[in-house]
$ cat final31.csv   # CSV, C-alpha atoms
chain,number,residue,atom,x,y,z
A,1,MET,CA,0.0,0.0,0.0
A,2,MET,CA,2.8,2.4,0.9
A,3,ARG,CA,4.6,1.6,-2.3
A,4,LYS,CA,1.5,2.5,-4.3
A,5,LEU,CA,1.1,5.8,-2.4
A,6,ASN,CA,4.8,6.7,-2.9
A,7,PHE,CA,4.4,6.0,-6.6
A,8,PHE,CA,1.4,8.3,-6.8
A,9,ILE,CA,3.2,11.1,-5.0
A,10,ILE,CA,6.2,10.8,-7.3
A,11,ALA,CA,3.9,10.9,-10.4
A,12,LEU,CA,2.1,13.9,-9.1
A,13,VAL,CA,5.4,15.8,-8.6
A,14,PHE,CA,6.4,15.1,-12.2
A,15,VAL,CA,3.1,16.3,-13.5
A,16,THR,CA,3.3,19.5,-11.5
A,17,MET,CA,6.9,20.2,-12.7
A,18,ALA,CA,5.7,19.6,-16.3
A,19,VAL,CA,2.9,22.1,-15.9
A,20,ILE,CA,5.2,24.7,-14.4
A,21,GLY,CA,7.7,24.2,-17.2
A,22,CYS,CA,5.0,24.7,-19.9
A,23,ALA,CA,3.8,27.9,-18.2
A,24,ALA,CA,7.3,29.2,-18.0
A,25,ALA,CA,7.9,28.4,-21.7
A,26,ALA,CA,4.6,30.2,-22.6
A,27,THR,CA,5.7,33.2,-20.6
A,28,THR,CA,9.1,33.3,-22.3
A,29,ASP,CA,7.4,33.0,-25.7
A,30,THR,CA,5.1,35.9,-24.9
A,31,ALA,CA,7.9,38.0,-23.6
A,32,ASN,CA,9.7,37.5,-26.9
A,33,ILE,CA,6.8,38.9,-28.9
A,34,ASN,CA,7.3,42.7,-29.6
A,35,VAL,CA,4.6,44.9,-31.0
A,36,ILE,CA,4.2,48.1,-33.1
A,37,HIS,CA,1.2,50.3,-32.4
A,38,VAL,CA,0.1,52.4,-35.5
A,39,SER,CA,-2.9,54.5,-36.5
A,40,GLY,CA,-4.2,55.2,-40.0
A,41,SER,CA,-6.9,57.3,-41.5
A,42,GLY,CA,-8.8,57.3,-44.8
A,43,SER,CA,-11.3,59.6,-46.4
A,44,VAL,CA,-13.6,59.3,-49.4
A,45,VAL,CA,-15.6,62.1,-51.0
A,46,GLY,CA,-19.2,61.3,-52.1
A,47,THR,CA,-22.2,63.2,-53.5
A,48,PRO,CA,-25.2,63.5,-51.2
A,49,ASP,CA,-28.3,61.6,-52.4
A,50,ARG,CA,-30.7,62.7,-49.7
A,51,ALA,CA,-31.9,66.1,-48.6
A,52,GLN,CA,-34.0,67.2,-45.6
A,53,LEU,CA,-35.8,70.5,-45.7
A,54,THR,CA,-37.5,72.1,-42.6
A,55,PHE,CA,-40.3,74.5,-43.3
A,56,ALA,CA,-42.9,76.3,-41.1
A,57,VAL,CA,-46.2,78.1,-41.5
A,58,GLU,CA,-46.6,81.0,-39.1
A,59,THR,CA,-50.0,82.7,-38.6
A,60,GLU,CA,-51.1,85.4,-36.2
A,61,ASN,CA,-54.4,86.7,-35.1
A,62,ALA,CA,-56.1,88.3,-32.1
A,63,ASP,CA,-58.3,85.3,-31.8
A,64,VAL,CA,-56.4,82.1,-31.1
A,65,LYS,CA,-59.0,79.8,-32.9
A,66,THR,CA,-58.7,82.0,-36.0
A,67,ALA,CA,-54.9,81.8,-35.9
A,68,GLN,CA,-55.2,78.0,-35.6
A,69,SER,CA,-57.7,77.7,-38.5
A,70,ASP,CA,-55.7,79.9,-40.8
A,71,ASN,CA,-52.6,77.9,-40.1
A,72,ALA,CA,-54.3,74.6,-40.8
A,73,VAL,CA,-55.7,75.8,-44.1
A,74,GLN,CA,-52.3,77.2,-45.1
A,75,MET,CA,-50.3,74.0,-44.2
A,76,THR,CA,-52.8,71.8,-45.9
A,77,LYS,CA,-52.4,73.8,-49.1
A,78,VAL,CA,-48.6,73.4,-48.8
A,79,ILE,CA,-48.8,69.6,-48.3
A,80,ASP,CA,-51.2,69.1,-51.1
A,81,ALA,CA,-49.0,71.2,-53.4
A,82,LEU,CA,-45.9,69.1,-52.5
A,83,VAL,CA,-47.8,65.9,-53.1
A,84,ALA,CA,-48.9,67.2,-56.5
A,85,ALA,CA,-45.2,68.1,-57.2
A,86,GLY,CA,-44.2,64.4,-56.6
A,87,VAL,CA,-43.2,64.3,-53.0
A,88,PRO,CA,-44.8,61.2,-51.3
A,89,ARG,CA,-46.7,62.0,-48.1
A,90,GLU,CA,-44.6,59.4,-46.2
A,91,GLN,CA,-41.6,61.6,-46.8
A,92,MET,CA,-43.2,64.5,-44.9
A,93,LYS,CA,-43.8,64.8,-41.2
A,94,THR,CA,-44.7,67.4,-38.6
A,95,THR,CA,-41.7,68.1,-36.3
A,96,GLY,CA,-43.2,71.0,-34.3
A,97,TYR,CA,-46.4,72.8,-33.4
A,98,SER,CA,-46.7,75.8,-31.0
A,99,ILE,CA,-49.1,78.4,-29.9
A,100,TYR,CA,-47.9,81.4,-27.9
A,101,PRO,CA,-49.2,84.9,-27.1
A,102,VAL,CA,-47.6,88.0,-28.5
A,103,TYR,CA,-47.9,90.9,-26.0
A,104,GLN,CA,-48.3,94.6,-26.5
A,105,ASP,CA,-45.3,96.8,-25.8
A,106,SER,CA,-45.5,97.8,-22.1
A,107,THR,CA,-43.3,99.2,-19.5
A,108,GLY,CA,-44.8,97.2,-16.7
A,109,LEU,CA,-44.8,93.4,-16.5
A,110,LEU,CA,-48.1,93.4,-14.5
A,111,ASN,CA,-49.8,95.5,-17.2
A,112,GLN,CA,-49.0,93.3,-20.2
A,113,LYS,CA,-51.8,92.6,-22.6
A,114,ILE,CA,-52.0,90.0,-25.2
A,115,GLN,CA,-52.1,91.5,-28.7
A,116,THR,CA,-52.2,88.4,-30.8
A,117,TYR,CA,-51.6,84.7,-30.8
A,118,ARG,CA,-48.9,83.2,-33.0
A,119,VAL,CA,-49.3,79.6,-34.3
A,120,THR,CA,-46.3,77.8,-35.8
A,121,ASN,CA,-46.5,74.5,-37.6
A,122,THR,CA,-43.2,73.0,-38.7
A,123,LEU,CA,-42.9,70.4,-41.5
A,124,GLN,CA,-39.9,68.3,-42.4
A,125,VAL,CA,-39.6,67.0,-45.9
A,126,THR,CA,-37.1,64.3,-46.9
A,127,LEU,CA,-36.1,64.1,-50.6
A,128,LYS,CA,-34.6,61.0,-52.2
A,129,ASP,CA,-33.7,63.1,-55.2
A,130,VAL,CA,-31.6,66.2,-54.3
A,131,ASN,CA,-32.2,67.7,-57.7
A,132,GLN,CA,-35.8,68.4,-56.5
A,133,THR,CA,-34.6,70.6,-53.7
A,134,GLY,CA,-35.0,74.0,-55.5
A,135,ASN,CA,-38.3,73.1,-57.0
A,136,VAL,CA,-39.7,71.9,-53.6
A,137,ILE,CA,-38.6,75.1,-51.9
A,138,ASP,CA,-40.3,77.2,-54.6
A,139,THR,CA,-43.5,75.1,-54.4
A,140,ALA,CA,-43.6,75.3,-50.6
A,141,VAL,CA,-43.1,79.1,-50.5
A,142,SER,CA,-45.6,79.9,-53.3
A,143,ASN,CA,-48.3,77.8,-51.4
A,144,GLY,CA,-47.9,79.3,-47.9
A,145,ILE,CA,-44.6,78.5,-46.3
A,146,ASN,CA,-43.3,81.7,-44.7
A,147,THR,CA,-40.4,80.3,-42.7
A,148,ALA,CA,-37.7,77.9,-44.0
A,149,ASN,CA,-35.4,76.9,-41.2
A,150,SER,CA,-32.7,74.7,-42.7
A,151,ILE,CA,-31.6,72.5,-45.6
A,152,GLN,CA,-29.5,69.4,-44.8
A,153,PHE,CA,-27.8,67.2,-47.4
A,154,MET,CA,-26.7,63.7,-46.4
A,155,LEU,CA,-26.0,60.1,-47.6
A,156,SER,CA,-28.5,57.3,-47.8
A,157,ASP,CA,-27.6,54.3,-45.6
A,158,GLU,CA,-26.6,52.2,-48.7
A,159,GLN,CA,-24.2,54.9,-50.0
A,160,ALA,CA,-22.8,55.6,-46.5
A,161,LEU,CA,-21.9,51.9,-46.0
A,162,ALA,CA,-20.2,51.7,-49.4
A,163,LEU,CA,-18.1,54.8,-48.8
A,164,ARG,CA,-17.3,53.7,-45.2
A,165,ALA,CA,-15.9,50.4,-46.5
A,166,GLU,CA,-13.7,52.2,-49.0
A,167,ALA,CA,-12.5,54.7,-46.3
A,168,LEU,CA,-11.7,51.8,-44.0
A,169,LYS,CA,-9.6,50.1,-46.6
A,170,LYS,CA,-7.6,53.3,-47.1
A,171,ALA,CA,-7.1,53.7,-43.4
A,172,VAL,CA,-5.8,50.1,-43.0
A,173,THR,CA,-3.5,50.6,-46.0
A,174,SER,CA,-2.1,53.8,-44.4
A,175,ALA,CA,-1.6,52.1,-41.1
A,176,ARG,CA,0.3,49.2,-42.6
A,177,ALA,CA,2.5,51.5,-44.6
A,178,ASP,CA,3.6,53.2,-41.4
A,179,ALA,CA,4.1,49.9,-39.7
A,180,ASP,CA,6.3,48.7,-42.5
A,181,VAL,CA,8.5,51.8,-42.3
A,182,VAL,CA,8.9,51.5,-38.5
A,183,ALA,CA,9.7,47.8,-38.8
A,184,ALA,CA,12.3,48.4,-41.4
A,185,ALA,CA,13.9,51.1,-39.4
A,186,LEU,CA,14.0,48.8,-36.3
A,187,GLY,CA,15.3,45.8,-38.3
A,188,VAL,CA,12.4,43.6,-37.5
A,189,ASN,CA,9.7,41.8,-39.5
A,190,ILE,CA,5.9,42.0,-39.1
A,191,THR,CA,4.6,38.6,-38.2
A,192,GLY,CA,0.9,39.2,-37.6
A,193,THR,CA,-1.9,41.4,-36.3
A,194,GLN,CA,-2.8,41.3,-32.6
A,195,SER,CA,-5.7,43.7,-32.7
A,196,ALA,CA,-7.5,46.4,-34.7
A,197,ASP,CA,-9.9,49.1,-33.5
A,198,ILE,CA,-11.9,51.1,-36.0
A,199,SER,CA,-14.0,54.3,-35.9
A,200,GLN,CA,-15.7,56.3,-38.6
A,201,GLY,CA,-18.2,59.0,-39.3
A,202,TYR,CA,-19.3,61.6,-41.8
A,203,THR,CA,-20.7,65.1,-41.5
A,204,PRO,CA,-23.7,66.1,-43.6
A,205,VAL,CA,-23.6,69.4,-45.4
A,206,VAL,CA,-25.9,71.8,-43.5
A,207,TYR,CA,-27.3,75.2,-44.6
A,208,ASP,CA,-29.1,76.8,-41.7
A,209,ASN,CA,-31.7,79.6,-41.6
A,210,TYR,CA,-32.6,79.6,-45.3
A,211,GLN,CA,-34.7,82.7,-45.8
A,212,ALA,CA,-37.9,81.8,-47.6
A,213,GLY,CA,-39.4,85.2,-47.4
A,214,ALA,CA,-43.1,85.9,-47.7
A,215,ALA,CA,-43.5,85.2,-51.4
A,216,THR,CA,-47.1,84.4,-52.5
A,217,ALA,CA,-46.3,83.4,-56.0
A,218,LYS,CA,-43.8,81.1,-57.5
A,219,SER,CA,-40.6,82.8,-58.6
A,220,VAL,CA,-40.0,82.9,-62.3
A,221,VAL,CA,-36.4,81.9,-61.7
A,222,PRO,CA,-36.1,78.5,-59.9
A,223,THR,CA,-34.2,78.6,-56.6
A,224,PRO,CA,-30.6,77.3,-57.2
A,225,ILE,CA,-29.4,74.8,-54.7
A,226,GLN,CA,-25.9,73.2,-54.7
A,227,PRO,CA,-25.6,70.3,-52.3
A,228,GLY,CA,-21.8,70.2,-52.4
A,229,ASP,CA,-19.9,67.0,-51.3
A,230,VAL,CA,-19.8,64.9,-48.2
A,231,THR,CA,-16.6,63.5,-46.9
A,232,VAL,CA,-16.7,60.1,-45.2
A,233,THR,CA,-13.7,59.5,-42.9
A,234,ALA,CA,-12.5,56.4,-41.1
A,235,GLN,CA,-9.7,55.8,-38.5
A,236,VAL,CA,-8.1,52.5,-37.4
A,237,SER,CA,-5.7,51.7,-34.6
A,238,ILE,CA,-3.7,48.4,-35.2
A,239,ILE,CA,-1.2,46.5,-33.1
A,240,TYR,CA,1.2,44.4,-35.2
A,241,SER,CA,3.4,41.7,-33.7
A,242,VAL,CA,7.1,41.8,-34.9
A,243,ARG,CA,10.2,39.6,-34.5
$ encode --input "final31.csv" --output "structure tokens"
Amino acid sequence: MMRKLNFFIIALVFVTMAVIGCAAAATTDTANINVIHVSGSGSVVGTPDRAQLTFAVETENADVKTAQSDNAVQMTKVIDALVAAGVPREQMKTTGYSIYPVYQDSTGLLNQKIQTYRVTNTLQVTLKDVNQTGNVIDTAVSNGINTANSIQFMLSDEQALALRAEALKKAVTSARADADVVAAALGVNITGTQSADISQGYTPVVYDNYQAGAATAKSVVPTPIQPGDVTVTAQVSIIYSVR
């Protein structure tokens, strides 16, 4: 019985030593792996294929119900005109509606009197054809829009993904080029990639506070709108292993 127990203890000692030896070897191998940290960026220029226009109808009257009614009639006329011009109703949505009093000029806060009520109805229109932008502005203004808040040009999801992929490829190529230069200067060789982190984004072209004016008839000269370009950027941070 004692002989069997002694044999078991000896075997256990050998197994423990083997495990310790493997761990030490793994630690040594890990210690021998050096790395190079590099970052790269890439950018691609694209043409916007989406536009968002924000319009508003403002009406004012001493009677709040009249101000509301006038506003509803005017906005309905605008929406119907846009639909007739080819803008689907599902591409239009109300993004704001407010009613607030306009007070008479007075020197005392306690003596303020309401002069009129102002009603504002804000409509956002999304266009899938940016070439329609000028015509939609003219149509909206000539049918009752008296405030145009902003125009925003952007990319569709499909185009954004395609340009993002291209920008990422350029970023990785840039990062690898830097890593090759550093490795050559250090006299080492790149043996693999340990990790890669990516980030990207693009900024739509925005024109704020477009002045629609108070036109009541469509202008003879169409409103010229130039969307410009959108730049999609991407950044990567890569860790290469070298020997």
$ closest_residue --input "final31.csv" --among "A:Leu127, A:Val73, A:Ala185, A:Val57" --to "Gln91 in chain A" --atoms "all atoms listed in the file"
A:Leu127
$ atom_distance --input "final31.csv" --atom1 "CA of Ser195 in chain A" --atom2 "CA of Ser237 in chain A"
8.2 Å
$ residues_around --input "final31.csv" --residues "range 146-155 of chain A" --least-positions-apart "4" --cutoff "10 Å" --atoms "only C-alpha atoms" --output "number ranges by chain"
A: 46-59, 120-128, 130, 133, 137, 140-142, 159-161, 163, 202-216, 225-230, 232
$ residues_near_point --input "final31.csv" --point "(1.6, 50.3, -36.6)" --cutoff "12 Å" --atoms "only C-alpha atoms" --output "number ranges by chain"
A: 34-40, 171-184, 190, 192-197, 236-242
$ residues_around --input "final31.csv" --residues "Val44 in chain A" --least-positions-apart "5" --cutoff "8 Å" --atoms "all atoms listed in the file" --output "MDAnalysis selection string"
chainID A and resid 163:164 166:167 231:233
$ closest_residue --input "final31.csv" --among "A:Ala234, A:Gly144, A:Gly201, A:Val188" --to "Gln74 in chain A" --atoms "all atoms listed in the file"
A:Gly144
$ residues_near_point --input "final31.csv" --point "(-39.9, 70.5, -61.3)" --cutoff "9 Å" --atoms "only C-alpha atoms" --output "compact mmCIF listing (two decimals) with C-alpha atoms, in the coordinates of the input"
# COMPACT_ATOMS: atom_id res chain seq x y z
CA ALA A 85 -45.20 68.10 -57.20
CA GLY A 86 -44.20 64.40 -56.60
CA ASN A 131 -32.20 67.70 -57.70
CA GLN A 132 -35.80 68.40 -56.50
CA GLY A 134 -35.00 74.00 -55.50
CA ASN A 135 -38.30 73.10 -57.00
CA VAL A 136 -39.70 71.90 -53.60
CA PRO A 222 -36.10 78.50 -59.90
